[in-house]
Every structure is written in structure tokens, then in C-alpha cells.
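What follows is the content of coords-v4.cif, which has mmCIF, C-alpha atoms:
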```
data_structure
#
loop_
_atom_site.label_atom_id
_atom_site.label_comp_id
_atom_site.auth_asym_id
_atom_site.auth_seq_id
_atom_site.Cartn_x
_atom_site.Cartn_y
_atom_site.Cartn_z
CA MET A 26 134.24 203.83 -199.71
CA ASP A 27 135.24 204.46 -196.13
CA LEU A 28 134.79 201.79 -193.47
CA ASN A 29 131.43 203.04 -192.21
CA SER A 30 130.04 203.11 -195.75
CA LYS A 31 131.27 199.57 -196.36
CA LEU A 32 129.65 198.36 -193.13
CA ALA A 33 126.37 200.01 -194.13
CA VAL A 34 126.48 198.29 -197.54
CA LEU A 35 127.32 194.97 -195.88
CA GLU A 36 124.27 195.28 -193.62
CA LYS A 37 122.06 195.94 -196.65
CA ILE A 38 123.56 192.92 -198.43
CA TYR A 39 122.70 190.77 -195.41
CA ARG A 40 119.11 192.07 -195.50
CA ILE A 41 118.72 191.28 -199.19
CA TYR A 42 119.95 187.76 -198.60
CA GLY A 43 117.69 187.43 -195.57
CA ASP A 44 114.69 188.24 -197.77
CA PHE A 45 115.83 185.59 -200.26
CA ALA A 46 116.48 182.99 -197.54
CA ALA A 47 112.99 183.58 -196.12
CA THR A 48 111.55 182.15 -199.36
CA LEU A 49 113.49 178.88 -199.08
CA ASP A 50 112.18 175.59 -197.76
CA ILE A 51 114.88 174.69 -195.25
CA VAL A 52 115.08 172.63 -192.06
CA CYS A 53 117.71 174.73 -190.27
CA ARG A 54 116.56 175.57 -186.73
CA ARG A 55 117.89 176.91 -183.43
CA TYR A 56 120.41 174.63 -181.71
CA CYS A 57 121.21 172.85 -184.99
CA SER A 58 124.93 173.53 -185.10
CA LEU A 59 126.43 170.75 -187.21
CA CYS A 60 127.53 173.30 -189.82
CA CYS A 61 129.17 175.54 -187.18
CA THR A 62 132.71 174.29 -187.74
CA VAL A 63 136.28 175.56 -187.63
CA ASN A 64 136.23 175.88 -191.42
CA VAL A 65 134.18 179.08 -191.82
CA THR A 66 135.87 181.75 -193.95
CA ILE A 67 135.17 185.49 -193.74
CA THR A 68 136.40 188.85 -194.99
CA THR A 69 138.12 191.39 -192.76
CA LEU A 70 135.06 193.63 -193.14
CA GLU A 71 132.82 190.92 -191.70
CA GLY A 72 135.37 190.25 -188.97
CA PHE A 73 135.41 193.92 -188.02
CA LYS A 74 131.61 193.94 -187.85
CA ILE A 75 131.71 191.01 -185.42
CA ALA A 76 134.51 192.41 -183.26
CA GLU A 77 132.94 195.86 -182.96
CA SER A 78 129.58 194.39 -181.93
CA LEU A 79 131.01 192.85 -178.77
CA MET A 80 130.86 194.40 -175.31
CA PRO A 81 134.31 194.58 -173.61
CA GLU A 82 133.79 191.62 -171.27
CA GLU A 83 132.18 189.54 -174.01
CA LYS A 84 135.03 190.44 -176.35
CA ARG A 85 137.68 189.35 -173.84
CA TYR A 86 135.91 186.03 -173.26
CA LEU A 87 135.37 185.22 -176.94
CA PHE A 88 138.83 186.23 -178.05
CA GLU A 89 140.35 184.10 -175.32
CA LYS A 90 138.24 181.23 -176.64
CA ILE A 91 139.43 181.98 -180.18
CA ARG A 92 143.07 182.06 -179.07
CA ARG A 93 142.68 178.68 -177.39
CA ALA A 94 141.21 177.29 -180.61
CA SER A 95 143.96 178.77 -182.77
CA SER A 96 146.08 175.60 -182.56
CA THR A 97 143.25 173.54 -184.11
CA GLN A 98 143.77 172.47 -187.72
CA ARG A 99 141.31 174.29 -189.95
CA PHE A 100 140.55 175.22 -193.54
CA ARG A 101 142.69 178.09 -194.82
CA PRO A 102 141.72 179.08 -198.36
CA ARG A 103 144.39 179.71 -200.98
CA GLU A 104 142.08 181.69 -203.29
CA THR A 105 139.17 184.02 -202.68
CA VAL A 106 135.87 183.50 -204.49
CA ASN A 107 136.63 186.32 -206.95
CA MET A 108 140.05 184.82 -207.62
CA LEU A 109 138.33 181.50 -208.34
CA ALA A 110 135.94 183.24 -210.74
CA GLU A 111 138.87 184.72 -212.65
CA LEU A 112 140.67 181.36 -212.74
CA SER A 113 137.51 179.70 -214.02
CA ARG A 114 137.23 182.23 -216.85
CA GLU A 115 140.91 181.98 -217.79
CA GLU A 116 141.51 178.25 -217.34
CA GLY A 117 138.03 176.74 -217.32
CA VAL A 118 138.85 174.80 -214.16
CA VAL A 119 138.28 175.75 -210.52
CA PRO A 120 140.86 174.16 -208.20
CA GLU A 121 139.42 172.20 -205.27
CA GLU A 122 140.58 172.68 -201.70
CA ASP A 123 140.12 170.31 -198.76
CA ASN A 124 137.91 172.00 -196.19
CA ALA A 125 136.78 168.92 -194.25
CA PHE A 126 138.62 169.53 -190.99
CA PRO A 127 136.85 168.45 -187.76
CA GLY A 128 136.07 170.77 -184.87
CA GLU A 129 133.43 173.31 -183.92
CA CYS A 130 133.50 177.06 -184.43
CA PRO A 131 135.13 178.88 -181.48
CA LEU A 132 132.17 181.29 -181.42
CA LEU A 133 129.74 178.46 -180.66
CA ILE A 134 128.47 178.29 -177.06
CA ALA A 135 126.03 175.55 -175.97
CA ASN A 136 125.13 174.86 -179.62
CA GLU A 137 124.28 178.50 -180.26
CA CYS A 138 126.18 181.17 -182.18
CA SER A 139 127.37 183.81 -179.72
CA VAL A 140 127.41 186.47 -182.48
CA TYR A 141 124.31 185.31 -184.35
CA ASN A 142 123.03 188.76 -185.33
CA GLU A 143 126.46 189.68 -186.73
CA ARG A 144 127.37 186.26 -188.11
CA PRO A 145 129.28 186.33 -191.43
CA PHE A 146 127.73 185.49 -194.76
CA GLY A 147 129.42 182.10 -194.88
CA CYS A 148 127.18 181.13 -191.96
CA ARG A 149 124.04 182.89 -193.20
CA CYS A 150 124.12 181.04 -196.51
CA PHE A 151 124.71 177.55 -195.14
CA VAL A 152 121.22 176.10 -195.41
CA SER A 153 119.84 172.63 -196.03
CA LYS A 154 116.60 171.10 -197.31
CA GLN A 155 117.20 167.96 -195.23
CA ASN A 156 118.21 167.35 -191.63
CA CYS A 157 122.01 167.08 -191.73
CA ALA A 158 122.11 164.85 -188.64
CA GLU A 159 119.87 162.34 -190.39
CA SER A 160 121.20 162.60 -193.95
CA GLY A 161 124.88 163.02 -193.06
CA SER A 162 125.32 166.22 -195.10
CA ALA A 163 123.54 169.38 -196.16
CA THR A 164 121.29 169.31 -199.21
CA VAL A 165 121.30 172.60 -201.10
CA ASP A 166 119.49 173.51 -204.31
CA ASP A 167 121.79 174.36 -207.25
CA PHE A 168 120.19 177.79 -207.68
CA VAL A 169 120.78 178.57 -204.00
CA LEU A 170 124.47 177.72 -204.47
CA THR A 171 124.59 180.14 -207.41
CA VAL A 172 122.95 182.89 -205.34
CA ASN A 173 125.34 182.22 -202.47
CA ASN A 174 128.31 182.65 -204.80
CA ILE A 175 126.90 185.94 -206.10
CA PHE A 176 126.69 187.32 -202.58
CA LEU A 177 130.14 186.02 -201.64
CA GLN A 178 131.60 187.74 -204.71
CA VAL A 179 129.85 191.02 -203.97
CA ILE A 180 130.90 191.03 -200.30
CA GLU A 181 134.51 190.41 -201.30
CA HIS A 182 134.25 193.24 -203.83
CA VAL A 183 132.94 195.64 -201.16
CA ASP A 184 135.96 194.69 -199.04
CA ALA A 185 138.44 194.93 -201.92
CA GLY A 186 141.64 196.16 -200.31
CA GLY A 187 140.93 193.98 -197.30
CA PHE A 188 141.57 190.30 -196.81
CA SER A 189 139.86 186.93 -196.46
CA GLY A 190 140.71 183.85 -194.47
CA ASN A 191 139.57 181.43 -191.83
CA LEU A 192 137.30 183.04 -189.22
CA THR A 193 139.78 182.31 -186.43
CA ASP A 194 142.70 183.85 -188.32
CA VAL A 195 140.77 186.94 -189.39
CA LEU A 196 139.42 187.66 -185.91
CA LEU A 197 142.82 187.19 -184.27
CA PHE A 198 144.28 189.61 -186.80
CA LEU A 199 141.50 192.09 -185.99
CA GLU A 200 141.67 191.69 -182.22
CA ASN A 201 143.27 195.08 -182.38
CA ALA A 202 140.75 196.95 -184.55
CA GLU A 203 143.47 199.36 -185.64
CA ASN A 204 144.68 196.66 -188.02
CA LEU A 205 141.68 197.34 -190.24
CA LEU A 206 142.25 201.07 -190.17
CA SER A 207 146.00 201.34 -190.55
CA SER A 208 148.82 200.53 -192.92
CA LYS A 209 149.17 197.18 -191.15
CA MET A 210 146.50 195.96 -193.56
CA ILE A 211 149.13 196.12 -196.29
CA ASN A 212 151.04 193.20 -194.83
CA PRO A 213 148.77 190.93 -192.75
CA SER A 214 149.43 187.47 -191.44
CA SER A 215 150.59 185.08 -194.15
CA VAL A 216 147.45 182.99 -193.64
CA LEU A 217 145.18 185.74 -195.00
CA ILE A 218 144.69 186.40 -198.71
CA LYS A 219 144.04 189.67 -200.52
CA ASN A 220 140.49 190.35 -201.61
CA HIS A 221 139.88 191.00 -205.30
CA PRO A 222 137.35 193.28 -207.00
CA LEU A 223 134.49 191.60 -208.83
CA LYS A 224 135.27 191.17 -212.53
CA ILE A 225 133.01 188.30 -213.56
CA LEU A 226 130.04 186.72 -211.81
CA MET A 227 129.87 182.93 -211.66
CA ILE A 228 126.29 182.43 -212.86
CA PRO A 229 125.43 179.33 -214.93
CA PRO A 230 123.37 180.13 -218.05
CA GLU A 231 120.34 178.28 -216.68
CA HIS A 232 120.23 180.55 -213.61
CA ARG A 233 120.80 183.95 -215.22
CA GLY A 234 117.16 184.84 -215.74
CA LYS A 235 116.08 183.68 -212.29
CA ALA A 236 118.93 185.62 -210.65
CA GLN A 237 117.97 188.98 -212.19
CA PRO A 238 115.80 190.23 -209.28
CA ILE A 239 118.64 189.57 -206.83
CA LEU A 240 121.20 191.20 -209.10
CA GLY A 241 118.89 194.20 -209.47
CA ALA A 242 118.58 194.58 -205.69
CA LEU A 243 122.35 194.33 -205.23
CA ASN A 244 123.09 196.78 -208.04
CA LYS A 245 120.95 199.41 -206.32
CA LEU A 246 123.50 199.44 -203.49
CA LYS A 247 126.09 201.05 -205.81
CA TYR A 248 128.96 199.08 -204.36
#
```
Show me this structure written as C-alpha cells.
Amino acid sequence: MDLNSKLAVLEKIYRIYGDFAATLDIVCRRYCSLCCTVNVTITTLEGFKIAESLMPEEKRYLFEKIRRASSTQRFRPRETVNMLAELSREEGVVPEEDNAFPGECPLLIANECSVYNERPFGCRCFVSKQNCAESGSATVDDFVLTVNNIFLQVIEHVDAGGFSGNLTDVLLFLENAENLLSSKMINPSSVLIKNHPLKILMIPPEHRGKAQPILGALNKLKY
């Protein structure tokens, strides 16, 4: 698929998840930004969608904010979600990575996401059944976690040939949009990792039946 086709599929994926999220009993509300941290990971496709949505002045302001935040310690994944699925199938064990670094997302302004309509899936799927400020952490149903993984795997598959990484690193790489369209994508910054095509979905046996409607909707996209 060309870039425009991938972006169109990504938008449809977001809509399907939005329909699913609308059925959930969650407490997440406007100005609740405890989950808006420096540890968000995205694909280059999602990063391009964010960068291209910005007006020139807004883009200059936000990218300057991102550059200032680039010295902050943050989570940088070593494996993508599809890589983890393959490792799980081959070795039966999924390696854990420390993603508990402090600091707020550089796209956050006055407790609001400055790119909310274009926010990446990692932000869309972070939901909680209890108030995080009161409970100290998010509370997410096991089936929701399974669904979130399905969508993460599909999004990575759509962007196979692209890369994943921390939001700050991906957006700085894509500050010049030509990076997504040129041979520079062959050798990106060392902090980004190559996306993998989807080979096996991580769906526990107890969730396979319940996940079928979502899988059916995603399969219609012909990604």
C-alpha cells in the first residue's frame, strides 16, 4: 500500500476501536492526564499522521517543545508488539521492559493533548475502570488488554516497512516528512526499531470467541 492508503486504513482502524471503546465502562475524562507520559510508543505511520495534521506555526511550536524534551529519559522499546508475539510463540516467554520513567508527554498543554484528534493508538487504548489519581494506577479488564494488543499488532502490520519507537524519537525523526517517503527510512535513528508484519495474533483461548466481531471488522479492511 502507498502512504495515503495506509493512512486511510489507519483512520478506519481508529474508528473501529472508537466504537469498541464507546461500549466500555471507563472513568477517563477531559483534563485527566496522568497517563500522558514520556513513555508513549508509536509507529512512523502514526507519527506522520500527527505531523501532517499540524498547521505551520503549531508545528514549529510543538516540535520545539519536543526538542526541548528530547533530553528527558524515556521508555525506548527493544521489540515491537509483533516481534514480541513471535518471541512468545517460539520461546513461550515475553521479555519485560522497564517503561516506568517519570515525565509528561511533550504534546501535553495545560493537561490537554494538543493533537487529541490525531493521537496515536497507544493513547487511545489507555483506559481505566477506576480513577488513577485515587487508585494509584489504571485498572483495565483483561479482555480490553487483549483487544488493545490486537489493534497494536494490526497497526504495526499496516506500517510494516516503517518503524516504531518512543513518540519523541519518532516525531523528531519525522520532523522532515521526507524521511517517511524516502530511502532514509532504510536507516533511521538507532533508537527506532523495524516494524514486523503480523504472523500470529496474541489472543488467549478464553478471549477468542469474544474477539471475533472485532477481528471480522478489521479483516474487512484488507490490510
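Each of A:Asn29, A:Thr62, A:Asn244, A:Gln237 was compared to Asn136 in chain A using all atoms listed in the file, and A:Thr62 turns out to be the nearest.
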Any idea what's packed within 9 Å of Cys60 in chain A, counting only C-alpha atoms, ignoring anything in its chain fewer than 2 positions away? Could you give it as a ChimeraX atom specification? /A:57-58,62,129-130,148,151-152,157,163
On this file, the PyMOL selection byres ((chain A and resi 149) around 9) gives some set of residues; write that set as number ranges by chain. A: 39, 42-43, 46, 144-148, 150-152
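Our summary of the geometry notes that CA of Gly72 in chain A is positioned 7.5 Å from CA of Leu192 in chain A.
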From the set A:Thr193, A:Glu77, A:Asn142, A:Gln98, which residue has the shortest atom-to-atom contact distance to Asp123 in chain A, counting all atoms listed in the file?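 Checking each of A:Thr193, A:Glu77, A:Asn142, A:Gln98 against Asp123 in chain A, counting all atoms listed in the file, the winner is A:Gln98.
Rounded to one decimal, CA of Gly241 in chain A and CA of Phe45 in chain A lie 13.0 Å from each other.
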Selection near Asn220 in chain A, 10 Å with all atoms listed in the file, sequence-local residues under 2 positions removed, as a PDB file with C-alpha atoms, keeping the file's coordinate frame:
```pdb
ATOM      1  CA  THR A  68     136.400 188.850-194.990  1.00  0.00           C
ATOM      2  CA  THR A  69     138.120 191.390-192.760  1.00  0.00           C
ATOM      3  CA  GLU A 104     142.080 181.690-203.290  1.00  0.00           C
ATOM      4  CA  THR A 105     139.170 184.020-202.680  1.00  0.00           C
ATOM      5  CA  VAL A 106     135.870 183.500-204.490  1.00  0.00           C
ATOM      6  CA  ASN A 107     136.630 186.320-206.950  1.00  0.00           C
ATOM      7  CA  MET A 108     140.050 184.820-207.620  1.00  0.00           C
ATOM      8  CA  GLN A 178     131.600 187.740-204.710  1.00  0.00           C
ATOM      9  CA  ILE A 180     130.900 191.030-200.300  1.00  0.00           C
ATOM     10  CA  GLU A 181     134.510 190.410-201.300  1.00  0.00           C
ATOM     11  CA  HIS A 182     134.250 193.240-203.830  1.00  0.00           C
ATOM     12  CA  VAL A 183     132.940 195.640-201.160  1.00  0.00           C
ATOM     13  CA  ASP A 184     135.960 194.690-199.040  1.00  0.00           C
ATOM     14  CA  ALA A 185     138.440 194.930-201.920  1.00  0.00           C
ATOM     15  CA  GLY A 186     141.640 196.160-200.310  1.00  0.00           C
ATOM     16  CA  GLY A 187     140.930 193.980-197.300  1.00  0.00           C
ATOM     17  CA  PHE A 188     141.570 190.300-196.810  1.00  0.00           C
ATOM     18  CA  SER A 189     139.860 186.930-196.460  1.00  0.00           C
ATOM     19  CA  GLY A 190     140.710 183.850-194.470  1.00  0.00           C
ATOM     20  CA  LEU A 217     145.180 185.740-195.000  1.00  0.00           C
ATOM     21  CA  ILE A 218     144.690 186.400-198.710  1.00  0.00           C
ATOM     22  CA  PRO A 222     137.350 193.280-207.000  1.00  0.00           C
ATOM     23  CA  LEU A 223     134.490 191.600-208.830  1.00  0.00           C
TER      24      LEU A 223
END
```
Near Glu143 in chain A, within 9 Å and counting only C-alpha atoms, which residues show up once chain neighbours fewer than 4 positions away are dropped, as an MDAnalysis selection string? chainID A and resid 71 74:75 78
Could you jot down the CA of Leu240 in chain A to CA of Asp166 in chain A separation for me, Å, one decimal place? 18.4 Å
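Using only C-alpha atoms, the nearest neighbour of Leu32 in chain A within the list A:Leu59, A:Ile67, A:His221, A:Phe73 is A:Phe73.
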Just the residues within 12 Å of Lys90 in chain A, please, counting all atoms listed in the file, with nothing from its chain fewer than 6 positions along; format it as a compact mmCIF listing (two decimals) with C-alpha atoms, keeping the file's coordinate frame.
```txt
# COMPACT_ATOMS: atom_id res chain seq x y z
CA GLU A 83 132.18 189.54 -174.01
CA LYS A 84 135.03 190.44 -176.35
CA SER A 96 146.08 175.60 -182.56
CA THR A 97 143.25 173.54 -184.11
CA GLU A 129 133.43 173.31 -183.92
CA CYS A 130 133.50 177.06 -184.43
CA PRO A 131 135.13 178.88 -181.48
CA LEU A 132 132.17 181.29 -181.42
CA LEU A 133 129.74 178.46 -180.66
CA ILE A 134 128.47 178.29 -177.06
CA SER A 139 127.37 183.81 -179.72
CA THR A 193 139.78 182.31 -186.43
CA LEU A 196 139.42 187.66 -185.91
CA LEU A 197 142.82 187.19 -184.27
```
Residues matched by the PyMOL selection byres ((chain A and resi 30) around 12) as a PyMOL selection string: chain A and resi 26-29+31-37+70+183-184+246-248
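Closest to Lys235 in chain A among A:Phe168, A:Phe198, A:Phe88, A:Phe176 is A:Phe168, based on all atoms listed in the file.
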List the neighbours of Ile175 in chain A out to 10 Å using only C-alpha atoms; skip same-chain residues closer than 2 positions along the sequence, and give me the result as JSON, numbers by chain. {"A": [106, 107, 169, 170, 171, 172, 173, 177, 178, 179, 180, 223, 225, 226, 227, 228, 236, 239, 240, 243]}
